[in-house]
Amino acid sequence: MNLSNMYQEVILDHYKSPRGKGLQETFGGEAHHVNTTCGDEITVRVQLSEDGNSIKKISYASTGCSISQASASIMFEQIDGKNLTDFNKSSEEFLAMMQSKGKFEPNEDLLGDGVSMIGVAQYPARIKCALLSWMAAKDAIIRAKGE
């Protein structure tokens, strides 16, 4: 099995068996984002730790294509329970990968299964789908911090 096929399998697995999907009732910040190009939607809720330095819990509800759904699942798996410094590093790495047109060596420690999205970066119309959950999470964190 080549790397591209393996990555497709990872994306399909996250699409078919999403991790963390379903909105939690207790949250400090919420963001709803829509990809106006295709209609994909996501709502992300974040509960920060008492000191505001880590993500105590993140949850989401989303509809859309396999790329946006898989990306939300990957994002959840990668950042739930992590400190905000790690979230920022992971989200910056994911954004850099999406802007690379597929010419990027992603850091698997920062992205986990997110490295499987490297092929999406070659398709400009799909980049917004992949970034939707990450940008909504960033906004939800900002709202939870009251900034």
# chains A, B, ... in the order shown; residues from 1 in each chain; ligands from 1
call {"tool": "residues_around", "arguments": {"residues": "Glu41 in chain A", "least_positions_apart": "2", "cutoff": "12 Å", "atoms": "only C-alpha atoms", "output": "JSON, numbers by chain"}}
result
{"A": [31, 32, 33, 34, 35, 36, 37, 38, 39, 43, 44, 60, 61, 62, 63, 64, 65, 68, 69, 72, 128, 129, 130, 131, 132, 133, 135, 136]}
call {"tool": "select_by_dssp", "arguments": {"residues": "chain A", "states": "strand (DSSP E or B)", "output": "list in words"}}
result
Lys21, Gly22, Gly29, Glu30, Ala31, His32, His33, Val34, Glu41, Ile42, Thr43, Val44, Arg45, Val46, Gln47, Leu48, Ser54, Ile55, Lys56, Lys57, Ile58, Ser59, Tyr60, Ala61, Ser62, Thr63 and Asn83 of chain A
call {"tool": "select_by_dssp", "arguments": {"residues": "range 1-117 of chain A", "states": "alpha helix (DSSP H)", "output": "ChimeraX atom specification"}}
result
/A:3-16,66-79,84-98,108-111
call {"tool": "residues_around", "arguments": {"residues": "Ile58 in chain A", "least_positions_apart": "6", "cutoff": "12 Å", "atoms": "only C-alpha atoms", "output": "VMD selection string"}}
result
chain A and resid 19 to 31 43 to 49 72 to 73 75 to 83 87 133 to 134 136 to 138 140 to 141 144
call {"tool": "residues_around", "arguments": {"residues": "Val115 in chain A", "least_positions_apart": "6", "cutoff": "12 Å", "atoms": "only C-alpha atoms", "output": "VMD selection string"}}
result
chain A and resid 3 to 4 6 to 8 10 to 11 70 to 71 74 to 75 78 90 93 to 98 102 104 to 109 121 130
call {"tool": "closest_residue", "arguments": {"among": "A:Ile67, A:Gly112, A:Lys16, A:Gln99", "to": "Asp40 in chain A", "atoms": "only C-alpha atoms"}}
result
A:Ile67
call {"tool": "decode", "arguments": {"residues": "range 93-129 of chain A", "atoms": "N, CA and C atoms", "output": "compact mmCIF listing (two decimals), in the first residue's frame"}}
result
# COMPACT_ATOMS: atom_id res chain seq x y z
N GLU A 93 0.93 24.43 12.43
CA GLU A 93 1.50 23.38 11.57
C GLU A 93 0.48 22.93 10.53
N PHE A 94 -0.78 22.77 10.95
CA PHE A 94 -1.83 22.35 10.03
C PHE A 94 -2.05 23.41 8.96
N LEU A 95 -2.10 24.68 9.36
CA LEU A 95 -2.27 25.78 8.42
C LEU A 95 -1.11 25.83 7.43
N ALA A 96 0.11 25.71 7.92
CA ALA A 96 1.28 25.72 7.04
C ALA A 96 1.22 24.57 6.04
N MET A 97 0.78 23.41 6.50
CA MET A 97 0.65 22.27 5.60
C MET A 97 -0.40 22.55 4.53
N MET A 98 -1.52 23.14 4.91
CA MET A 98 -2.58 23.42 3.95
C MET A 98 -2.15 24.48 2.93
N GLN A 99 -1.27 25.38 3.32
CA GLN A 99 -0.80 26.43 2.41
C GLN A 99 0.38 26.00 1.56
N SER A 100 0.83 24.76 1.72
CA SER A 100 2.07 24.31 1.07
C SER A 100 1.90 23.75 -0.33
N LYS A 101 0.66 23.61 -0.78
CA LYS A 101 0.39 22.98 -2.09
C LYS A 101 0.92 21.56 -2.13
N GLY A 102 0.99 20.91 -0.99
CA GLY A 102 1.42 19.53 -0.91
C GLY A 102 2.92 19.34 -0.80
N LYS A 103 3.67 20.43 -0.74
CA LYS A 103 5.12 20.35 -0.66
C LYS A 103 5.56 20.73 0.75
N PHE A 104 5.39 19.79 1.67
CA PHE A 104 5.61 20.08 3.09
C PHE A 104 5.92 18.77 3.79
N GLU A 105 6.79 18.81 4.74
CA GLU A 105 7.08 17.66 5.58
C GLU A 105 6.42 17.91 6.93
N PRO A 106 5.17 17.47 7.11
CA PRO A 106 4.47 17.75 8.36
C PRO A 106 5.07 17.00 9.54
N ASN A 107 4.97 17.62 10.70
CA ASN A 107 5.45 17.05 11.95
C ASN A 107 4.34 16.17 12.53
N GLU A 108 4.55 14.87 12.48
CA GLU A 108 3.52 13.94 12.95
C GLU A 108 3.25 14.09 14.44
N ASP A 109 4.25 14.50 15.21
CA ASP A 109 4.04 14.72 16.64
C ASP A 109 3.03 15.84 16.88
N LEU A 110 3.04 16.85 16.03
CA LEU A 110 2.11 17.97 16.17
C LEU A 110 0.74 17.68 15.56
N LEU A 111 0.72 16.87 14.50
CA LEU A 111 -0.52 16.69 13.74
C LEU A 111 -1.17 15.32 13.88
N GLY A 112 -0.44 14.33 14.37
CA GLY A 112 -1.03 13.00 14.45
C GLY A 112 -1.57 12.57 13.09
N ASP A 113 -2.82 12.11 13.08
CA ASP A 113 -3.44 11.69 11.82
C ASP A 113 -3.64 12.85 10.85
N GLY A 114 -3.44 14.07 11.32
CA GLY A 114 -3.56 15.25 10.45
C GLY A 114 -2.60 15.22 9.28
N VAL A 115 -1.49 14.49 9.40
CA VAL A 115 -0.55 14.39 8.28
C VAL A 115 -1.23 13.78 7.06
N SER A 116 -2.29 13.02 7.28
CA SER A 116 -3.01 12.39 6.17
C SER A 116 -3.67 13.42 5.25
N MET A 117 -3.80 14.65 5.72
CA MET A 117 -4.44 15.70 4.92
C MET A 117 -3.48 16.41 3.96
N ILE A 118 -2.23 15.99 3.91
CA ILE A 118 -1.24 16.66 3.05
C ILE A 118 -1.70 16.70 1.60
N GLY A 119 -2.35 15.68 1.12
CA GLY A 119 -2.82 15.65 -0.26
C GLY A 119 -3.90 16.68 -0.55
N VAL A 120 -4.68 17.04 0.47
CA VAL A 120 -5.75 18.03 0.32
C VAL A 120 -5.15 19.39 -0.07
N ALA A 121 -3.93 19.67 0.40
CA ALA A 121 -3.28 20.95 0.13
C ALA A 121 -3.04 21.19 -1.36
N GLN A 122 -3.13 20.15 -2.16
CA GLN A 122 -2.96 20.29 -3.61
C GLN A 122 -4.22 20.75 -4.31
N TYR A 123 -5.32 20.82 -3.58
CA TYR A 123 -6.62 21.17 -4.16
C TYR A 123 -7.19 22.40 -3.46
N PRO A 124 -6.94 23.58 -4.00
CA PRO A 124 -7.36 24.82 -3.34
C PRO A 124 -8.83 24.86 -2.91
N ALA A 125 -9.70 24.24 -3.68
CA ALA A 125 -11.12 24.26 -3.33
C ALA A 125 -11.41 23.45 -2.08
N ARG A 126 -10.53 22.54 -1.69
CA ARG A 126 -10.77 21.67 -0.54
C ARG A 126 -10.06 22.16 0.73
N ILE A 127 -9.15 23.11 0.58
CA ILE A 127 -8.39 23.59 1.74
C ILE A 127 -9.31 24.19 2.80
N LYS A 128 -10.31 24.97 2.38
CA LYS A 128 -11.25 25.55 3.33
C LYS A 128 -11.99 24.47 4.11
N CYS A 129 -12.30 23.36 3.43
CA CYS A 129 -12.98 22.24 4.10
C CYS A 129 -12.11 21.70 5.23
